[in-house]
Amino acid sequence: MDILSAAKERHTAKAYDAQRRIPEELMQKVYSLLRHSPSSVNSQPWHFIVANTPEGRARIAKAAQGGYSYNQAKIEDASHVIVLCSRIDMDEAHLNNLLDQEERDGRFKDAAARAGQDAGRRGYVYQHRFGGKDVAQWLEKQVYLALGTALLGAATLGIDATPMEGFDQKILDAEFGLNEQGLASLVLVSFGYSSEKDFNATLPKSRLSEEMTFTFI
Ligand SMILES: Cc1cc2nc3c(=O)[nH]c(=O)nc-3n(C[C@H](O)[C@H](O)[C@H](O)COP(=O)(O)O)c2cc1C
């Protein structure tokens, strides 16, 4: 499907056909989209937990109880559910991991190029740590880029999806020991195929007008 049709035709799935599974080779493309998403100073401050079994989805669904129970079936009946986690800081270990990976990937022609990249990235980190005091929020923004990439990508692959902020973050963080790893759960995405109960599949899409959305100068 071409990208504009996918953007217009995709919708947030509200109910899944629990019998239909997404072929793993298609999900591999979704994983690759997540991993290749852009991020400020190539910070890649994410980790993705993938559930593709009933047991795995049930662990995630523990965070969709009480006031969040409207999302429970969207987790349990989907084919795959991914927890998008964000780093809460850019610590030394992560900064060095990034730099070493960029070196292995052939990004630096010499030691000066490596040092320049390290200094540039640290400059942004320090600006957010001491200036804006908003490192965690800055990093979360990067993870949301991966969310958008995956949602549009899934649509081009003919996969239905549901982004979800409606879950208890503390429950999920405890379930997967995320805080101990310097991570926090941020947003969930279910992937699968809509059932006939998905009322949103047939509703018209609603967006503000072009005039309200853009200023062309
Ligand atoms: C970050 C984010 C969080 C969302 N959280 C939920 C959610 O918890 N449950 C849900 O059913 N839909 C959720 N949505 C879906 C939005 O309501 C939906 O994207 C919006 O109404 C536009 O409709 P569309 O996705 O069908 O085009 C979320 C969407 C985004 C981008």
# chains A, B, ... in the order shown; residues from 1 in each chain; ligands from 1
call {"tool": "closest_atom_pairs", "arguments": {"of": "chain A", "to": "ligand 1", "cutoff": "7 Å", "atoms": "only C-alpha atoms and all ligand atoms", "output": "JSON lines"}}
result
{"residue": "A:Arg10", "atom": "CA", "partner": "ligand 1", "partner_atom_place_in_ligand_line": "27 (O)", "distance": 6.4}
{"residue": "A:His11", "atom": "CA", "partner": "ligand 1", "partner_atom_place_in_ligand_line": "26 (O)", "distance": 3.4}
{"residue": "A:Thr12", "atom": "CA", "partner": "ligand 1", "partner_atom_place_in_ligand_line": "26 (O)", "distance": 3.9}
{"residue": "A:Lys14", "atom": "CA", "partner": "ligand 1", "partner_atom_place_in_ligand_line": "11 (O)", "distance": 5.8}
{"residue": "A:Asn71", "atom": "CA", "partner": "ligand 1", "partner_atom_place_in_ligand_line": "9 (N)", "distance": 5.9}
{"residue": "A:Thr162", "atom": "CA", "partner": "ligand 1", "partner_atom_place_in_ligand_line": "12 (N)", "distance": 6.1}
{"residue": "A:Pro163", "atom": "CA", "partner": "ligand 1", "partner_atom_place_in_ligand_line": "28 (C)", "distance": 4.7}
{"residue": "A:Met164", "atom": "CA", "partner": "ligand 1", "partner_atom_place_in_ligand_line": "5 (N)", "distance": 3.4}
{"residue": "A:Glu165", "atom": "CA", "partner": "ligand 1", "partner_atom_place_in_ligand_line": "5 (N)", "distance": 4.2}
{"residue": "A:Gly166", "atom": "CA", "partner": "ligand 1", "partner_atom_place_in_ligand_line": "8 (O)", "distance": 3.6}
{"residue": "A:Phe167", "atom": "CA", "partner": "ligand 1", "partner_atom_place_in_ligand_line": "8 (O)", "distance": 6.9}
{"residue": "A:Val187", "atom": "CA", "partner": "ligand 1", "partner_atom_place_in_ligand_line": "1 (C)", "distance": 6.7}
{"residue": "A:Asn200", "atom": "CA", "partner": "ligand 1", "partner_atom_place_in_ligand_line": "26 (O)", "distance": 6.6}
{"residue": "A:Lys205", "atom": "CA", "partner": "ligand 1", "partner_atom_place_in_ligand_line": "27 (O)", "distance": 6.0}
call {"tool": "write_last_selection", "arguments": {"atoms": "N, CA and C atoms", "output": "mmCIF file, in the first residue's frame"}}
result
data_model
loop_
_atom_site.group_PDB
_atom_site.id
_atom_site.type_symbol
_atom_site.label_atom_id
_atom_site.label_comp_id
_atom_site.auth_asym_id
_atom_site.auth_seq_id
_atom_site.Cartn_x
_atom_site.Cartn_y
_atom_site.Cartn_z
ATOM 1 N N ARG A 10 -5.472 3.882 7.717
ATOM 2 C CA ARG A 10 -5.217 3.232 9.005
ATOM 3 C C ARG A 10 -6.181 3.816 10.053
ATOM 4 N N HIS A 11 -6.422 3.052 11.095
ATOM 5 C CA HIS A 11 -7.256 3.546 12.186
ATOM 6 C C HIS A 11 -6.786 2.837 13.455
ATOM 7 N N THR A 12 -7.163 3.371 14.584
ATOM 8 C CA THR A 12 -6.863 2.696 15.845
ATOM 9 C C THR A 12 -7.852 1.554 16.036
ATOM 10 N N LYS A 14 -10.070 -1.096 17.746
ATOM 11 C CA LYS A 14 -10.734 -1.115 19.064
ATOM 12 C C LYS A 14 -11.122 -2.533 19.491
ATOM 13 N N ASN A 71 -8.891 -1.038 27.834
ATOM 14 C CA ASN A 71 -7.829 -1.491 26.923
ATOM 15 C C ASN A 71 -7.482 -2.971 27.073
ATOM 16 N N THR A 162 -3.094 -0.600 17.692
ATOM 17 C CA THR A 162 -3.690 0.272 18.719
ATOM 18 C C THR A 162 -2.594 0.859 19.588
ATOM 19 N N PRO A 163 -2.312 2.166 19.462
ATOM 20 C CA PRO A 163 -1.416 2.789 20.430
ATOM 21 C C PRO A 163 -2.186 3.008 21.721
ATOM 22 N N MET A 164 -1.536 2.787 22.869
ATOM 23 C CA MET A 164 -2.253 2.929 24.152
ATOM 24 C C MET A 164 -1.384 3.601 25.209
ATOM 25 N N GLU A 165 -1.892 4.727 25.694
ATOM 26 C CA GLU A 165 -1.317 5.345 26.893
ATOM 27 C C GLU A 165 -2.162 4.991 28.107
ATOM 28 N N GLY A 166 -3.294 4.361 27.870
ATOM 29 C CA GLY A 166 -4.226 4.032 28.940
ATOM 30 C C GLY A 166 -3.841 2.725 29.625
ATOM 31 N N PHE A 167 -2.842 2.806 30.499
ATOM 32 C CA PHE A 167 -2.433 1.638 31.297
ATOM 33 C C PHE A 167 -1.712 2.156 32.525
ATOM 34 N N VAL A 187 4.430 3.717 26.437
ATOM 35 C CA VAL A 187 3.232 3.557 25.615
ATOM 36 C C VAL A 187 3.223 2.119 25.089
ATOM 37 N N ASN A 200 -14.415 1.279 15.223
ATOM 38 C CA ASN A 200 -13.636 2.380 14.636
ATOM 39 C C ASN A 200 -13.235 2.103 13.192
ATOM 40 N N LYS A 205 -12.628 8.972 9.303
ATOM 41 C CA LYS A 205 -11.523 9.584 10.040
ATOM 42 C C LYS A 205 -11.831 11.054 10.261
#
call {"tool": "residues_around", "arguments": {"residues": "range 153-159 of chain A", "least_positions_apart": "3", "cutoff": "9 Å", "atoms": "only C-alpha atoms", "output": "PyMOL selection string"}}
result
chain A and resi 1-3+5-7+9-11+22+26-27+29-30+33+148-150+191-194
call {"tool": "write_last_selection", "arguments": {"atoms": "N, CA and C atoms", "output": "mmCIF file, in the first residue's frame"}}
result
data_model
loop_
_atom_site.group_PDB
_atom_site.id
_atom_site.type_symbol
_atom_site.label_atom_id
_atom_site.label_comp_id
_atom_site.auth_asym_id
_atom_site.auth_seq_id
_atom_site.Cartn_x
_atom_site.Cartn_y
_atom_site.Cartn_z
ATOM 1 N N MET A 1 0.856 -1.200 0.000
ATOM 2 C CA MET A 1 0.000 0.000 0.000
ATOM 3 C C MET A 1 0.890 1.246 0.000
ATOM 4 N N ASP A 2 0.517 2.282 -0.820
ATOM 5 C CA ASP A 2 1.356 3.483 -0.811
ATOM 6 C C ASP A 2 1.166 4.223 0.520
ATOM 7 N N ILE A 3 2.140 5.051 0.846
ATOM 8 C CA ILE A 3 2.230 5.587 2.198
ATOM 9 C C ILE A 3 1.076 6.525 2.537
ATOM 10 N N SER A 5 -2.049 6.491 1.230
ATOM 11 C CA SER A 5 -3.257 5.678 1.434
ATOM 12 C C SER A 5 -3.215 5.017 2.803
ATOM 13 N N ALA A 6 -2.038 4.520 3.171
ATOM 14 C CA ALA A 6 -1.909 3.870 4.485
ATOM 15 C C ALA A 6 -2.213 4.861 5.601
ATOM 16 N N ALA A 7 -1.703 6.091 5.477
ATOM 17 C CA ALA A 7 -1.932 7.102 6.525
ATOM 18 C C ALA A 7 -3.411 7.431 6.632
ATOM 19 N N GLU A 9 -5.997 5.492 5.545
ATOM 20 C CA GLU A 9 -6.879 4.336 5.778
ATOM 21 C C GLU A 9 -6.632 3.650 7.115
ATOM 22 N N ARG A 10 -5.472 3.882 7.717
ATOM 23 C CA ARG A 10 -5.217 3.232 9.005
ATOM 24 C C ARG A 10 -6.181 3.816 10.053
ATOM 25 N N HIS A 11 -6.422 3.052 11.095
ATOM 26 C CA HIS A 11 -7.256 3.546 12.186
ATOM 27 C C HIS A 11 -6.786 2.837 13.455
ATOM 28 N N ILE A 22 -0.395 -12.533 13.230
ATOM 29 C CA ILE A 22 0.407 -11.850 12.206
ATOM 30 C C ILE A 22 1.610 -12.734 11.885
ATOM 31 N N LEU A 26 6.277 -10.590 8.866
ATOM 32 C CA LEU A 26 5.743 -9.217 8.844
ATOM 33 C C LEU A 26 6.138 -8.479 10.114
ATOM 34 N N MET A 27 6.056 -9.170 11.258
ATOM 35 C CA MET A 27 6.431 -8.512 12.516
ATOM 36 C C MET A 27 7.922 -8.165 12.540
ATOM 37 N N LYS A 29 9.461 -6.954 10.186
ATOM 38 C CA LYS A 29 9.551 -5.627 9.544
ATOM 39 C C LYS A 29 9.180 -4.530 10.534
ATOM 40 N N VAL A 30 8.184 -4.798 11.365
ATOM 41 C CA VAL A 30 7.798 -3.812 12.386
ATOM 42 C C VAL A 30 8.959 -3.611 13.372
ATOM 43 N N LEU A 33 11.507 -1.502 11.765
ATOM 44 C CA LEU A 33 11.095 -0.092 11.725
ATOM 45 C C LEU A 33 11.371 0.580 13.061
ATOM 46 N N GLY A 148 5.363 6.477 16.084
ATOM 47 C CA GLY A 148 4.767 6.934 14.822
ATOM 48 C C GLY A 148 5.265 6.128 13.640
ATOM 49 N N THR A 149 6.560 5.834 13.643
ATOM 50 C CA THR A 149 7.142 5.047 12.556
ATOM 51 C C THR A 149 6.481 3.673 12.485
ATOM 52 N N ALA A 150 6.316 3.045 13.642
ATOM 53 C CA ALA A 150 5.738 1.694 13.678
ATOM 54 C C ALA A 150 4.264 1.711 13.268
ATOM 55 N N PHE A 191 -0.820 -5.114 17.986
ATOM 56 C CA PHE A 191 -0.856 -5.353 16.537
ATOM 57 C C PHE A 191 -1.685 -6.609 16.285
ATOM 58 N N GLY A 192 -2.455 -6.592 15.242
ATOM 59 C CA GLY A 192 -3.265 -7.766 14.906
ATOM 60 C C GLY A 192 -4.194 -7.436 13.757
ATOM 61 N N TYR A 193 -5.342 -8.106 13.777
ATOM 62 C CA TYR A 193 -6.341 -7.871 12.728
ATOM 63 C C TYR A 193 -7.680 -7.609 13.407
ATOM 64 N N SER A 194 -8.326 -6.526 13.001
ATOM 65 C CA SER A 194 -9.602 -6.108 13.584
ATOM 66 C C SER A 194 -10.650 -7.204 13.506
#
call {"tool": "select_by_dssp", "arguments": {"residues": "range 10-160 of chain A", "states": "strand (DSSP E or B)", "output": "PyMOL selection string"}}
result
chain A and resi 12+16+46-51+80-87+160
call {"tool": "atom_distance", "arguments": {"atom1": "CA of Arg104 in chain A", "atom2": "CA of Asp89 in chain A"}}
result
23.6 Å
call {"tool": "closest_atom_pairs", "arguments": {"of": "range 10-101 of chain A", "to": "range 111-134 of chain A", "cutoff": "10 Å", "atoms": "only C-alpha atoms", "output": "JSON lines"}}
result
{"residue": "A:Ser40", "atom": "CA", "partner": "A:Arg121", "partner_atom": "CA", "distance": 8.7}
{"residue": "A:Val41", "atom": "CA", "partner": "A:Arg121", "partner_atom": "CA", "distance": 5.6}
{"residue": "A:Asn42", "atom": "CA", "partner": "A:Arg121", "partner_atom": "CA", "distance": 8.3}
{"residue": "A:Ser43", "atom": "CA", "partner": "A:Arg121", "partner_atom": "CA", "distance": 8.0}
{"residue": "A:Ile88", "atom": "CA", "partner": "A:Asp134", "partner_atom": "CA", "distance": 10.0}
{"residue": "A:Asp89", "atom": "CA", "partner": "A:Arg129", "partner_atom": "CA", "distance": 8.8}
{"residue": "A:Met90", "atom": "CA", "partner": "A:Val125", "partner_atom": "CA", "distance": 7.0}
{"residue": "A:Asp91", "atom": "CA", "partner": "A:Val125", "partner_atom": "CA", "distance": 9.4}
{"residue": "A:Glu92", "atom": "CA", "partner": "A:Arg122", "partner_atom": "CA", "distance": 9.9}
{"residue": "A:Leu95", "atom": "CA", "partner": "A:Asp118", "partner_atom": "CA", "distance": 7.9}
{"residue": "A:Asn96", "atom": "CA", "partner": "A:Asp118", "partner_atom": "CA", "distance": 8.5}
{"residue": "A:Leu98", "atom": "CA", "partner": "A:Asp118", "partner_atom": "CA", "distance": 9.0}
{"residue": "A:Leu99", "atom": "CA", "partner": "A:Asp118", "partner_atom": "CA", "distance": 6.7}
{"residue": "A:Asp100", "atom": "CA", "partner": "A:Arg114", "partner_atom": "CA", "distance": 9.1}
call {"tool": "write_last_selection", "arguments": {"atoms": "N, CA and C atoms", "output": "mmCIF file, in the first residue's frame"}}
result
data_model
loop_
_atom_site.group_PDB
_atom_site.id
_atom_site.type_symbol
_atom_site.label_atom_id
_atom_site.label_comp_id
_atom_site.auth_asym_id
_atom_site.auth_seq_id
_atom_site.Cartn_x
_atom_site.Cartn_y
_atom_site.Cartn_z
ATOM 1 N N SER A 40 17.042 12.055 18.304
ATOM 2 C CA SER A 40 17.967 13.178 18.502
ATOM 3 C C SER A 40 19.339 12.660 18.909
ATOM 4 N N VAL A 41 20.369 13.196 18.272
ATOM 5 C CA VAL A 41 21.779 12.787 18.464
ATOM 6 C C VAL A 41 21.942 11.260 18.480
ATOM 7 N N ASN A 42 21.099 10.595 17.722
ATOM 8 C CA ASN A 42 21.133 9.115 17.617
ATOM 9 C C ASN A 42 21.078 8.458 18.991
ATOM 10 N N SER A 43 20.282 9.070 19.896
ATOM 11 C CA SER A 43 20.282 8.645 21.295
ATOM 12 C C SER A 43 19.631 7.275 21.522
ATOM 13 N N ILE A 88 15.361 6.603 31.386
ATOM 14 C CA ILE A 88 15.067 7.781 32.199
ATOM 15 C C ILE A 88 16.261 8.724 32.267
ATOM 16 N N ASP A 89 17.435 8.268 31.793
ATOM 17 C CA ASP A 89 18.605 9.146 31.759
ATOM 18 C C ASP A 89 19.522 8.672 30.631
ATOM 19 N N MET A 90 20.411 9.565 30.221
ATOM 20 C CA MET A 90 21.475 9.180 29.277
ATOM 21 C C MET A 90 22.731 8.991 30.115
ATOM 22 N N ASP A 91 22.876 7.781 30.665
ATOM 23 C CA ASP A 91 24.013 7.567 31.561
ATOM 24 C C ASP A 91 25.278 7.244 30.759
ATOM 25 N N GLU A 92 26.393 7.162 31.487
ATOM 26 C CA GLU A 92 27.686 6.937 30.843
ATOM 27 C C GLU A 92 27.688 5.656 30.012
ATOM 28 N N LEU A 95 25.814 6.224 26.763
ATOM 29 C CA LEU A 95 26.580 7.115 25.872
ATOM 30 C C LEU A 95 27.733 6.342 25.219
ATOM 31 N N ASN A 96 28.411 5.527 26.010
ATOM 32 C CA ASN A 96 29.547 4.771 25.466
ATOM 33 C C ASN A 96 29.093 3.663 24.527
ATOM 34 N N LEU A 98 26.514 3.793 22.562
ATOM 35 C CA LEU A 98 26.168 4.442 21.292
ATOM 36 C C LEU A 98 27.426 4.722 20.476
ATOM 37 N N LEU A 99 28.425 5.276 21.164
ATOM 38 C CA LEU A 99 29.653 5.663 20.471
ATOM 39 C C LEU A 99 30.368 4.437 19.903
ATOM 40 N N ASP A 100 30.427 3.377 20.699
ATOM 41 C CA ASP A 100 31.096 2.154 20.236
ATOM 42 C C ASP A 100 30.349 1.539 19.051
#
call {"tool": "select_by_dssp", "arguments": {"residues": "range 38-147 of chain A", "states": "alpha helix (DSSP H)", "output": "PDB file with C-alpha atoms, in the first residue's frame"}}
result
ATOM      1  CA  PRO A  54      -1.084 -15.493  25.605  1.00  0.00           C
ATOM      2  CA  GLU A  55       1.175 -15.570  28.677  1.00  0.00           C
ATOM      3  CA  GLY A  56       3.169 -12.575  27.517  1.00  0.00           C
ATOM      4  CA  ARG A  57       0.074 -10.577  26.658  1.00  0.00           C
ATOM      5  CA  ALA A  58      -1.473 -11.488  30.039  1.00  0.00           C
ATOM      6  CA  ARG A  59       1.575 -10.022  31.805  1.00  0.00           C
ATOM      7  CA  ILE A  60       1.051  -6.741  29.953  1.00  0.00           C
ATOM      8  CA  ALA A  61      -2.715  -6.834  30.498  1.00  0.00           C
ATOM      9  CA  GLN A  72      -7.656  -5.010  28.377  1.00  0.00           C
ATOM     10  CA  ALA A  73      -9.187  -6.938  25.467  1.00  0.00           C
ATOM     11  CA  LYS A  74      -7.140  -4.922  22.973  1.00  0.00           C
ATOM     12  CA  ILE A  75      -4.068  -6.414  24.645  1.00  0.00           C
ATOM     13  CA  GLU A  76      -5.344  -9.952  25.255  1.00  0.00           C
ATOM     14  CA  GLU A  92      27.686   6.937  30.843  1.00  0.00           C
ATOM     15  CA  ALA A  93      27.126   3.315  29.873  1.00  0.00           C
ATOM     16  CA  HIS A  94      24.506   4.242  27.253  1.00  0.00           C
ATOM     17  CA  LEU A  95      26.580   7.115  25.872  1.00  0.00           C
ATOM     18  CA  ASN A  96      29.547   4.771  25.466  1.00  0.00           C
ATOM     19  CA  ASN A  97      27.414   2.011  23.934  1.00  0.00           C
ATOM     20  CA  LEU A  98      26.168   4.442  21.292  1.00  0.00           C
ATOM     21  CA  LEU A  99      29.653   5.663  20.471  1.00  0.00           C
ATOM     22  CA  ASP A 100      31.096   2.154  20.236  1.00  0.00           C
ATOM     23  CA  GLN A 101      28.241   1.038  17.994  1.00  0.00           C
ATOM     24  CA  GLU A 102      28.731   4.035  15.697  1.00  0.00           C
ATOM     25  CA  GLU A 103      32.424   3.125  15.500  1.00  0.00           C
ATOM     26  CA  ARG A 104      31.623  -0.500  14.611  1.00  0.00           C
ATOM     27  CA  ALA A 111      39.655   9.521  16.431  1.00  0.00           C
ATOM     28  CA  ALA A 112      38.787  13.206  16.047  1.00  0.00           C
ATOM     29  CA  ALA A 113      35.489  12.339  14.352  1.00  0.00           C
ATOM     30  CA  ARG A 114      34.645   9.970  17.198  1.00  0.00           C
ATOM     31  CA  ALA A 115      35.533  12.600  19.805  1.00  0.00           C
ATOM     32  CA  GLY A 116      33.473  15.210  17.952  1.00  0.00           C
ATOM     33  CA  GLN A 117      30.399  13.013  17.897  1.00  0.00           C
ATOM     34  CA  ASP A 118      30.782  12.213  21.603  1.00  0.00           C
ATOM     35  CA  ALA A 119      31.174  15.885  22.534  1.00  0.00           C
ATOM     36  CA  GLY A 120      28.221  16.947  20.379  1.00  0.00           C
ATOM     37  CA  ARG A 121      25.928  14.342  21.905  1.00  0.00           C
ATOM     38  CA  ARG A 122      27.058  15.162  25.446  1.00  0.00           C
ATOM     39  CA  GLY A 123      26.368  18.827  24.735  1.00  0.00           C
ATOM     40  CA  TYR A 124      22.709  18.040  24.126  1.00  0.00           C
ATOM     41  CA  VAL A 125      22.556  15.801  27.185  1.00  0.00           C
ATOM     42  CA  TYR A 126      24.048  18.484  29.433  1.00  0.00           C
ATOM     43  CA  VAL A 135      16.239  14.716  30.165  1.00  0.00           C
ATOM     44  CA  ALA A 136      13.494  12.143  30.740  1.00  0.00           C
ATOM     45  CA  GLN A 137      10.925  14.137  28.732  1.00  0.00           C
ATOM     46  CA  TRP A 138      13.445  14.757  25.942  1.00  0.00           C
ATOM     47  CA  LEU A 139      14.111  11.023  25.744  1.00  0.00           C
ATOM     48  CA  GLU A 140      10.404  10.174  25.765  1.00  0.00           C
ATOM     49  CA  LYS A 141       9.931  12.355  22.696  1.00  0.00           C
ATOM     50  CA  GLN A 142      12.402  10.186  20.840  1.00  0.00           C
ATOM     51  CA  VAL A 143      10.480   7.038  21.741  1.00  0.00           C
ATOM     52  CA  TYR A 144       7.286   8.593  20.374  1.00  0.00           C
ATOM     53  CA  LEU A 145       9.039   8.966  17.008  1.00  0.00           C
ATOM     54  CA  ALA A 146       9.473   5.194  17.002  1.00  0.00           C
ATOM     55  CA  LEU A 147       5.775   4.844  17.844  1.00  0.00           C
TER      56      LEU A 147
END
call {"tool": "atom_distance", "arguments": {"atom1": "CA of Pro23 in chain A", "atom2": "CA of Asp77 in chain A"}}
result
15.6 Å
call {"tool": "closest_residue", "arguments": {"among": "A:Ser79, A:Ser185, A:Asn179, A:Thr215", "to": "Asp160 in chain A", "atoms": "only C-alpha atoms"}}
result
A:Ser79
call {"tool": "atom_distance", "arguments": {"atom1": "CA of Ala13 in chain A", "atom2": "CA of Gly177 in chain A"}}
result
28.8 Å
call {"tool": "closest_residue", "arguments": {"among": "A:Glu210, A:Asp168, A:Glu180, A:Asp173", "to": "Gly66 in chain A", "atoms": "only C-alpha atoms"}}
result
A:Asp168
call {"tool": "closest_residue", "arguments": {"among": "A:Tyr16, A:Phe48, A:Phe108, A:Phe214", "to": "Ala78 in chain A", "atoms": "only C-alpha atoms"}}
result
A:Tyr16
call {"tool": "residues_around", "arguments": {"residues": "Arg87 in chain A", "least_positions_apart": "5", "cutoff": "7 Å", "atoms": "only C-alpha atoms", "output": "tab-separated table (two decimals) with C-alpha atoms, in the first residue's frame"}}
result
chain	number	residue	atom	x	y	z
A	45	PRO	CA	16.78	5.84	24.30
A	46	TRP	CA	14.36	2.96	23.93
A	139	LEU	CA	14.11	11.02	25.74
A	182	GLY	CA	17.00	2.60	34.03
A	183	LEU	CA	13.83	2.26	31.98
A	184	ALA	CA	10.17	3.22	32.33
